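Novice: structure.txt is reproduced in full below (compact mmCIF, C-alpha atoms and all ligand atoms).
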# COMPACT_ATOMS: atom_id res chain seq x y z
CA MET A 1 7.34 -17.34 45.39
CA GLN A 2 9.89 -16.26 42.84
CA THR A 3 12.94 -14.93 44.58
CA LYS A 4 15.52 -14.56 41.83
CA PRO A 5 14.51 -12.36 38.87
CA PHE A 6 13.56 -13.97 35.56
CA ARG A 7 16.55 -13.85 33.24
CA ILE A 8 15.62 -12.63 29.74
CA GLY A 9 18.08 -13.33 26.92
CA THR A 10 18.45 -10.91 24.02
CA ARG A 11 20.92 -9.61 21.47
CA GLY A 12 22.36 -6.19 22.13
CA SER A 13 21.26 -4.24 19.07
CA PRO A 14 18.97 -1.26 19.77
CA LEU A 15 16.14 -3.13 18.00
CA ALA A 16 16.66 -6.33 20.02
CA LEU A 17 16.79 -4.33 23.26
CA ALA A 18 13.60 -2.45 22.37
CA GLN A 19 11.90 -5.82 21.77
CA ALA A 20 13.16 -7.32 25.03
CA HIS A 21 12.02 -4.25 26.95
CA GLU A 22 8.61 -4.29 25.29
CA THR A 23 8.20 -7.94 26.32
CA ARG A 24 9.32 -7.24 29.87
CA ASP A 25 6.95 -4.25 30.12
CA ARG A 26 4.01 -6.36 28.92
CA LEU A 27 4.83 -9.02 31.52
CA MET A 28 5.08 -6.40 34.28
CA GLU A 29 1.70 -5.01 33.20
CA ALA A 30 0.01 -8.42 32.90
CA HIS A 31 1.24 -9.68 36.26
CA GLY A 32 1.56 -6.47 38.26
CA PHE A 33 5.28 -7.10 38.69
CA GLY A 34 8.01 -4.55 39.27
CA GLU A 35 11.09 -4.19 37.10
CA ASP A 36 13.14 -6.00 39.75
CA MET A 37 11.43 -9.25 38.76
CA PHE A 38 13.36 -9.27 35.47
CA GLU A 39 16.96 -9.11 34.42
CA VAL A 40 17.77 -8.43 30.75
CA VAL A 41 20.87 -10.43 29.76
CA VAL A 42 22.61 -9.22 26.58
CA LEU A 43 24.43 -11.79 24.43
CA SER A 44 26.41 -11.43 21.23
CA THR A 45 25.63 -13.86 18.38
CA LYS A 46 27.50 -14.90 15.24
CA GLY A 47 25.02 -12.84 13.23
CA ASP A 48 26.05 -9.74 15.17
CA ARG A 49 29.76 -10.37 14.75
CA ILE A 50 29.89 -11.21 11.03
CA THR A 51 28.49 -8.25 9.14
CA ASP A 52 30.30 -8.32 5.80
CA ARG A 53 28.64 -11.35 4.21
CA ALA A 54 25.12 -12.35 3.24
CA LEU A 55 23.37 -14.39 5.89
CA SER A 56 22.70 -17.18 3.40
CA GLU A 57 26.48 -17.44 2.86
CA ILE A 58 27.47 -17.82 6.49
CA GLY A 59 24.83 -20.38 7.31
CA GLY A 60 21.44 -18.73 7.17
CA LYS A 61 19.04 -19.12 10.07
CA GLY A 62 20.10 -19.71 13.62
CA LEU A 63 22.90 -17.17 13.37
CA PHE A 64 21.14 -14.70 15.59
CA THR A 65 20.01 -17.28 18.12
CA GLU A 66 22.58 -20.02 18.69
CA GLU A 67 24.44 -18.53 21.64
CA ILE A 68 21.19 -17.46 23.27
CA GLU A 69 19.60 -20.88 22.80
CA GLN A 70 22.62 -22.60 24.38
CA GLN A 71 22.15 -20.54 27.55
CA LEU A 72 18.43 -21.20 27.48
CA THR A 73 19.00 -24.94 27.25
CA SER A 74 21.58 -24.90 30.04
CA GLY A 75 19.22 -22.96 32.31
CA GLU A 76 21.25 -19.77 32.53
CA LEU A 77 18.33 -17.91 30.95
CA ASP A 78 14.61 -18.34 31.68
CA PHE A 79 13.40 -17.16 28.29
CA ALA A 80 14.62 -15.27 25.23
CA VAL A 81 13.07 -12.55 23.07
CA HIS A 82 13.64 -12.63 19.30
CA SER A 83 12.42 -11.33 15.97
CA SER A 84 10.38 -14.33 14.75
CA LYS A 85 11.81 -13.71 11.28
CA ASP A 86 15.30 -14.61 12.52
CA MET A 87 14.27 -17.99 13.94
CA ALA A 88 15.24 -21.25 12.25
CA THR A 89 12.22 -23.38 11.37
CA ALA A 90 13.62 -26.23 13.48
CA LEU A 91 14.53 -25.18 17.03
CA PRO A 92 16.99 -27.00 19.31
CA ASP A 93 15.49 -29.95 21.19
CA GLY A 94 13.63 -28.91 24.30
CA LEU A 95 12.91 -25.33 23.20
CA PHE A 96 9.77 -23.84 21.65
CA LEU A 97 8.19 -20.53 20.75
CA SER A 98 5.91 -20.09 23.73
CA ALA A 99 4.45 -16.63 23.08
CA PHE A 100 4.05 -14.00 20.36
CA LEU A 101 3.43 -10.32 20.94
CA PRO A 102 0.78 -8.57 18.83
CA ARG A 103 2.27 -8.19 15.38
CA GLU A 104 3.60 -4.83 14.22
CA ASP A 105 3.20 -3.59 10.64
CA VAL A 106 4.35 -6.42 8.34
CA ARG A 107 5.40 -4.25 5.38
CA ASP A 108 8.82 -3.37 4.05
CA ALA A 109 9.84 0.27 3.92
CA PHE A 110 11.95 1.84 1.19
CA ILE A 111 14.44 4.45 2.30
CA GLY A 112 15.48 6.34 -0.79
CA ARG A 113 18.27 8.85 -1.30
CA SER A 114 18.14 9.49 -5.07
CA ALA A 115 14.35 9.09 -5.20
CA ALA A 116 11.58 8.69 -2.66
CA ARG A 117 10.02 5.71 -4.41
CA LEU A 118 11.61 2.47 -5.51
CA MET A 119 10.08 2.67 -8.99
CA GLU A 120 11.38 6.22 -9.42
CA LEU A 121 15.04 5.40 -8.84
CA PRO A 122 17.26 6.38 -11.77
CA GLN A 123 18.18 3.70 -14.33
CA GLY A 124 20.97 1.45 -13.02
CA ALA A 125 20.63 2.61 -9.42
CA THR A 126 22.07 0.63 -6.51
CA VAL A 127 20.03 -0.67 -3.59
CA GLY A 128 21.52 -2.16 -0.43
CA SER A 129 20.03 -5.31 1.06
CA ALA A 130 21.31 -8.63 2.36
CA SER A 131 17.93 -10.31 2.03
CA LEU A 132 17.52 -12.74 -0.87
CA ARG A 133 13.80 -12.03 -0.89
CA ARG A 134 14.24 -8.26 -1.13
CA GLN A 135 16.93 -8.60 -3.79
CA ALA A 136 14.72 -10.86 -5.91
CA LEU A 137 11.62 -8.68 -5.49
CA ILE A 138 13.60 -5.59 -6.49
CA ARG A 139 14.96 -7.32 -9.60
CA ARG A 140 11.51 -8.54 -10.48
CA LEU A 141 10.21 -4.97 -10.49
CA ARG A 142 13.40 -3.26 -11.64
CA PRO A 143 15.86 -5.60 -13.42
CA ASP A 144 18.17 -2.64 -14.09
CA ILE A 145 18.86 -2.08 -10.41
CA THR A 146 22.03 -3.51 -8.86
CA THR A 147 21.72 -4.82 -5.34
CA VAL A 148 24.65 -4.84 -2.94
CA ILE A 149 24.97 -6.68 0.34
CA PHE A 150 23.94 -4.42 3.18
CA ARG A 151 24.08 -5.84 6.65
CA GLY A 152 24.46 -4.83 10.25
CA GLN A 153 22.20 -2.95 12.59
CA VAL A 154 19.49 -0.66 11.27
CA GLU A 155 21.58 2.36 12.34
CA THR A 156 24.62 1.09 10.41
CA ARG A 157 22.59 0.61 7.24
CA LEU A 158 21.06 4.07 7.50
CA ARG A 159 24.51 5.56 7.97
CA LYS A 160 25.86 3.73 4.90
CA LEU A 161 22.92 5.07 2.95
CA GLU A 162 23.59 8.63 4.11
CA GLU A 163 27.25 8.29 3.23
CA GLY A 164 26.16 7.66 -0.33
CA HIS A 165 27.15 4.00 -0.76
CA VAL A 166 23.76 3.24 -2.33
CA ASP A 167 20.71 5.01 -3.76
CA GLY A 168 18.33 3.33 -1.37
CA THR A 169 17.75 0.47 1.04
CA LEU A 170 14.88 -1.58 2.38
CA LEU A 171 14.04 -2.28 6.00
CA ALA A 172 11.14 -3.81 7.87
CA TYR A 173 8.76 -0.98 8.79
CA ALA A 174 8.19 -2.81 12.10
CA GLY A 175 11.81 -2.33 13.10
CA LEU A 176 11.73 1.37 12.23
CA LYS A 177 8.58 1.76 14.33
CA ARG A 178 10.11 0.04 17.32
CA LEU A 179 13.18 2.28 17.04
CA GLY A 180 11.08 5.43 16.64
CA LYS A 181 12.62 6.01 13.19
CA THR A 182 9.62 5.83 10.85
CA ASP A 183 10.46 9.30 9.54
CA VAL A 184 13.36 7.89 7.49
CA ALA A 185 10.99 5.77 5.37
CA THR A 186 10.28 7.43 2.03
CA GLU A 187 7.83 4.75 0.84
CA ILE A 188 5.96 1.89 2.43
CA LEU A 189 5.75 -0.99 -0.01
CA ASP A 190 2.48 -2.66 -0.94
CA PRO A 191 2.52 -6.22 0.47
CA GLU A 192 0.77 -7.50 -2.67
CA GLU A 193 3.64 -6.34 -4.85
CA PHE A 194 6.39 -6.65 -2.29
CA PRO A 195 5.33 -9.46 0.08
CA PRO A 196 7.08 -9.64 3.47
CA ALA A 197 9.24 -12.45 4.83
CA PRO A 198 7.51 -15.17 6.79
CA ALA A 199 7.15 -14.00 10.42
CA GLN A 200 8.19 -10.40 9.68
CA GLY A 201 7.08 -7.88 12.29
CA ALA A 202 6.36 -10.42 15.03
CA ILE A 203 8.29 -10.59 18.32
CA CYS A 204 8.41 -14.07 19.84
CA VAL A 205 9.45 -15.52 23.16
CA GLU A 206 11.38 -18.78 23.27
CA SER A 207 11.49 -20.98 26.37
CA ARG A 208 11.94 -24.54 27.59
CA ILE A 209 9.25 -27.12 26.90
CA GLY A 210 7.76 -28.19 30.24
CA ASP A 211 9.03 -25.18 32.22
CA SER A 212 5.56 -24.41 33.52
CA ARG A 213 6.68 -21.66 35.90
CA VAL A 214 8.00 -19.64 32.96
CA ASN A 215 5.47 -20.78 30.36
CA ASP A 216 2.49 -19.89 32.57
CA LEU A 217 3.99 -16.44 33.04
CA LEU A 218 4.42 -16.02 29.27
CA ALA A 219 0.94 -17.32 28.37
CA ALA A 220 -0.53 -14.09 29.75
CA ILE A 221 1.07 -11.99 27.01
CA ASN A 222 0.57 -14.34 24.06
CA HIS A 223 -1.41 -12.86 21.15
CA GLN A 224 -3.14 -15.84 19.55
CA PRO A 225 -3.88 -14.32 16.09
CA THR A 226 -0.17 -13.53 15.71
CA HIS A 227 0.71 -16.98 17.03
CA ASP A 228 -1.54 -18.63 14.42
CA ALA A 229 -0.38 -16.43 11.52
CA VAL A 230 3.32 -16.96 12.26
CA THR A 231 2.78 -20.69 12.80
CA CYS A 232 1.28 -20.90 9.30
CA GLU A 233 4.09 -18.84 7.71
CA ARG A 234 6.80 -20.86 9.43
CA ALA A 235 5.21 -24.13 8.32
CA PHE A 236 5.32 -22.82 4.74
CA LEU A 237 8.96 -21.81 5.16
CA ARG A 238 9.84 -25.17 6.67
CA ILE A 239 8.69 -27.03 3.55
CA LEU A 240 10.86 -24.81 1.35
CA ASP A 241 13.83 -24.58 3.70
CA GLY A 242 15.79 -27.29 1.88
CA SER A 243 17.40 -24.54 -0.12
CA CYS A 244 18.34 -21.60 2.07
CA ARG A 245 19.10 -19.73 -1.15
CA THR A 246 15.45 -19.55 -2.18
CA PRO A 247 13.87 -16.12 -1.94
CA ILE A 248 10.63 -16.77 -0.03
CA ALA A 249 7.76 -14.50 0.99
CA GLY A 250 4.70 -15.45 2.99
CA LEU A 251 1.96 -13.72 4.90
CA ALA A 252 -1.03 -15.07 6.83
CA ARG A 253 -3.88 -13.02 8.24
CA CYS A 254 -6.57 -14.08 10.70
CA GLU A 255 -10.17 -13.08 10.12
CA GLY A 256 -12.40 -14.31 12.93
CA ASP A 257 -11.68 -18.01 13.22
CA ARG A 258 -10.39 -18.24 9.64
CA LEU A 259 -6.90 -17.78 8.33
CA ARG A 260 -5.80 -16.72 4.85
CA PHE A 261 -2.29 -17.27 3.59
CA SER A 262 -0.45 -16.11 0.51
CA GLY A 263 3.08 -17.10 -0.35
CA MET A 264 5.60 -16.67 -3.12
CA ILE A 265 8.93 -18.11 -4.19
CA LEU A 266 11.21 -16.45 -6.71
CA THR A 267 14.42 -17.09 -8.55
CA PRO A 268 17.21 -14.81 -7.21
CA ASP A 269 17.02 -12.71 -10.38
CA GLY A 270 13.29 -12.23 -9.80
CA GLN A 271 12.48 -13.26 -13.37
CA LYS A 272 10.56 -16.39 -12.44
CA PHE A 273 8.18 -16.72 -9.52
CA HIS A 274 5.30 -18.79 -8.25
CA LYS A 275 2.51 -17.64 -5.98
CA VAL A 276 0.27 -19.76 -3.80
CA GLU A 277 -2.79 -19.11 -1.64
CA GLY A 278 -4.28 -21.07 1.23
CA GLU A 279 -7.29 -20.75 3.48
CA GLY A 280 -8.80 -22.63 6.39
CA ALA A 281 -9.60 -22.70 10.09
CA ARG A 282 -7.12 -20.91 12.34
CA LYS A 283 -6.65 -24.08 14.38
CA ASP A 284 -5.19 -25.67 11.22
CA ALA A 285 -2.64 -22.88 10.76
CA ALA A 286 0.37 -25.21 10.45
CA ALA A 287 -1.39 -27.54 8.00
CA ILE A 288 -2.41 -24.58 5.79
CA GLY A 289 1.16 -23.35 5.58
CA GLN A 290 2.54 -26.82 4.98
CA SER A 291 0.08 -27.59 2.22
CA ALA A 292 0.78 -24.22 0.54
CA GLY A 293 4.47 -25.07 0.64
CA GLU A 294 3.87 -28.46 -0.96
CA THR A 295 1.64 -26.89 -3.62
CA VAL A 296 4.19 -24.27 -4.60
CA LEU A 297 6.98 -26.86 -4.68
CA LYS A 298 4.94 -28.93 -7.10
CA LYS A 299 4.02 -25.89 -9.21
CA ALA A 300 7.61 -24.78 -9.50
CA GLY A 301 8.99 -28.23 -10.23
CA ALA A 302 12.52 -29.40 -9.53
CA GLY A 303 13.97 -27.36 -12.41
CA PHE A 304 13.02 -24.13 -10.69
CA PHE A 305 15.55 -24.81 -7.95
CA GLU A 306 18.17 -26.75 -9.86
CA ASN A 307 19.44 -23.91 -12.01
CA TRP A 308 20.76 -21.85 -9.15
CA ARG A 309 20.75 -23.98 -6.04
N1 LIG B 1 17.88 -9.65 11.04
C1 LIG B 1 17.06 -8.86 10.25
C2 LIG B 1 15.79 -8.46 10.89
N2 LIG B 1 15.08 -9.31 11.66
C3 LIG B 1 13.93 -8.66 12.06
C4 LIG B 1 13.96 -7.38 11.54
C5 LIG B 1 12.93 -6.36 11.65
C6 LIG B 1 11.86 -6.56 12.67
C7 LIG B 1 10.84 -7.61 12.34
O1 LIG B 1 10.64 -8.01 11.20
O2 LIG B 1 10.17 -8.02 13.32
C8 LIG B 1 15.16 -7.25 10.84
C9 LIG B 1 15.66 -6.04 10.15
C10 LIG B 1 14.93 -5.73 8.87
O3 LIG B 1 14.49 -6.64 8.14
O4 LIG B 1 14.80 -4.55 8.56
Kindly transcribe the structure held in the file into structure tokens.

Specialist:
Amino acid sequence: MQTKPFRIGTRGSPLALAQAHETRDRLMEAHGFGEDMFEVVVLSTKGDRITDRALSEIGGKGLFTEEIEQQLTSGELDFAVHSSKDMATALPDGLFLSAFLPREDVRDAFIGRSAARLMELPQGATVGSASLRRQALIRRLRPDITTVIFRGQVETRLRKLEEGHVDGTLLAYAGLKRLGKTDVATEILDPEEFPPAPAQGAICVESRIGDSRVNDLLAAINHQPTHDAVTCERAFLRILDGSCRTPIAGLARCEGDRLRFSGMILTPDGQKFHKVEGEGARKDAAAIGQSAGETVLKKAGAGFFENWR
């Protein structure tokens, strides 16, 4: 019998805490456990501490996970809850993504001050975002818009918007939902026109390979369609990861035992882009994503990256 509570690692932002609590609640429900079986351990990461620079500038992925993963590896934590979108495509040795919760809405939301819709912003408007993908997609649709780096917690970004620093900002609708703040969204963007980041909207659990006590516990809350879709999207991302300055979008959906993927890479100015589609059996999720990545690399050619790498 388990005597000590399971130690769950998480960042301390309201969104991260909501995600950790949702995971804990699902585990309590699945196993008939009380709250005393879990202890939520809050850790600060580099990504939380450095909020004035673009993520791609300070080292890209892994910034929101490093400190948590160290404690997972050393055994101080039993598992960690993350936004799948924040996870590096290569995890530290000995760790893996053991479970995914059912995916939330994958779309981006526009939160407008000068206009409710992105396309209705005045000429030369300013939009805040730290995401290369969002910046490139905005410039593709509206080359006249200036984007400024906008980082920090959802609450911080909304406050900056209210204070009038920008005319609008973009956030994952999933995060707004989990924070109970969907009312701030003035437009939900069409994923065809404004495709989401790989793994957007999916909460994942990371744990130690071979830790069967923990992994058996987590298996009960895994949502396999989300697992397959995110596996495909991350395989796509992994092929393109060589340049962490590439704006990349990718979304897979499961239909029965099939999986459909569509991906896109853009130049930072949004003026050039390449799309790719993939389809196959769900069990081949990783191979579908990988092959889509290779296809789009070939389509784009080396010159696509060279000019601004
Ligand atoms: N570090 C950014 C980040 N990572 C995950 C989410 C949203 C939640 C999700 O996509 O699951 C966000 C904020 C945003 O993009 O608005």

Novice: So, with only C-alpha atoms and all ligand atoms as the atoms that count, which of A:Gln71, A:Ser98, A:Gln19, A:Ser83 lies closest to ligand LIG 1 (chain B)?

Specialist: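 Among A:Gln71, A:Ser98, A:Gln19, A:Ser83, it is A:Ser83 that comes nearest to ligand LIG 1 (chain B).
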
Novice: Quick one: pull the distance between atom CA of Arg103 of chain A and atom CA of Thr226 of chain A, Å, one decimal.

Specialist: 5.9 Å

Novice: May I have the residues within 10 Å of ligand LIG 1 (chain B), computed using only C-alpha atoms and all ligand atoms, as a PyMOL selection string?

Specialist: chain A and resi 15-16+19+47-48+55+61+63-64+82-87+103-109+129-131+134+151-154+157+169-179+196-204

Novice: In terms of the shortest atom-to-atom distance over all atoms listed in the file, which of A:Ile209, A:Ala292, A:Leu217, A:Val40 is closest to Leu91 of chain A?

Specialist: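 Of A:Ile209, A:Ala292, A:Leu217, A:Val40, the one nearest Leu91 of chain A is A:Ile209, counting all atoms listed in the file.
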
Novice: Mind giving me the straight-line distance from atom CA of Asn222 of chain A to atom CA of Leu43 of chain A in Å, one decimal?

Specialist: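 So the answer is 24.0 Å.
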
Novice: Atom CA of Arg53 of chain A and atom CA of Phe96 of chain A, how far apart in Å?

Specialist: 28.6 Å

Novice: Write out as lines of an AutoDock Vina configuration file an axis-aligned box for segment 67-76 of chain A: all of its atoms listed in the file, 4 Å added on each side, centre and edge lengths in Å with one decimal.

Specialist:
center_x = 21.4
center_y = -21.2
center_z = 27.1
size_x = 14.0
size_y = 15.5
size_z = 18.9

Novice: Residues at most 10 Å from Val42 of chain A, counting all atoms listed in the file, excluding those fewer than 4 positions away in the same chain, as a list in words?

Specialist: Ile8, Gly9, Thr10, Arg11, Gly12, Ser13, Ala16, Leu17, Ala20 and Ile68 of chain A

Novice: Using all atoms listed in the file and a cutoff of 8 Å, can you tell me which residues are near (18.0, -8.7, -4.8) in the file's coordinates, and write them out as a list in words?

Specialist: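 Within 8 Å of (18.0, -8.7, -4.8), the protein and nucleic acid residues are Ser129, Ala130, Ser131, Leu132, Arg133, Arg134, Gln135, Ala136, Leu137, Ile138, Arg139, Thr146, Thr147, Val148, Pro268, Asp269 and Gly270 of chain A.
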
Novice: For Glu120 of chain A, work out the shell of residues within 12 Å, counting all atoms listed in the file and skipping chain neighbours fewer than 3 positions away, then give it as a PyMOL selection string.

Specialist: chain A and resi 110+112-117+123-125+141-142+145+167-168+186-187

Novice: Write out as a list in words the residues lying within 7 Å of Phe79 of chain A, counting only C-alpha atoms and excluding same-chain residues fewer than 4 positions away.

Specialist: Arg7, Ile8, Gly9, Leu72, Val205, Glu206 and Ser207 of chain A

Novice: Identify which of the residues A:Asp284, A:Asp241, A:Asp216, A:Glu233 lies closest to Phe261 of chain A, counting all atoms listed in the file when measuring atom-to-atom distances.

Specialist: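 Of A:Asp284, A:Asp241, A:Asp216, A:Glu233, the one nearest Phe261 of chain A, counting all atoms listed in the file, is A:Glu233.
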
Novice: Looking at A:Glu192, A:Met28, A:Ala300, A:Ala220, which one is nearest to Ala249 of chain A, with distances taken over only C-alpha atoms?

Specialist: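 Smallest separation from Ala249 of chain A among the options: A:Glu192.
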
Novice: Of the candidates A:Leu95, A:Leu189, A:Leu218, A:Met264, which shows the shortest atom-to-atom distance to Leu237 of chain A, using all atoms listed in the file?

Specialist: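 Using all atoms listed in the file, Leu237 of chain A sits closest to A:Met264.
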
Novice: Taking only C-alpha atoms into account, which of A:Ala281, A:Gly94, A:Leu161, A:Ala18 comes nearest Gly210 of chain A?

Specialist: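 With only C-alpha atoms as the atom set, the closest residue is A:Gly94.
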
Novice: Hey, what's within 10 Å of Leu259 of chain A if we count all atoms listed in the file and toss same-chain stuff fewer than 3 positions away? As number ranges by chain, please?

Specialist: A: 225, 228-229, 232, 252-256, 278-285, 288
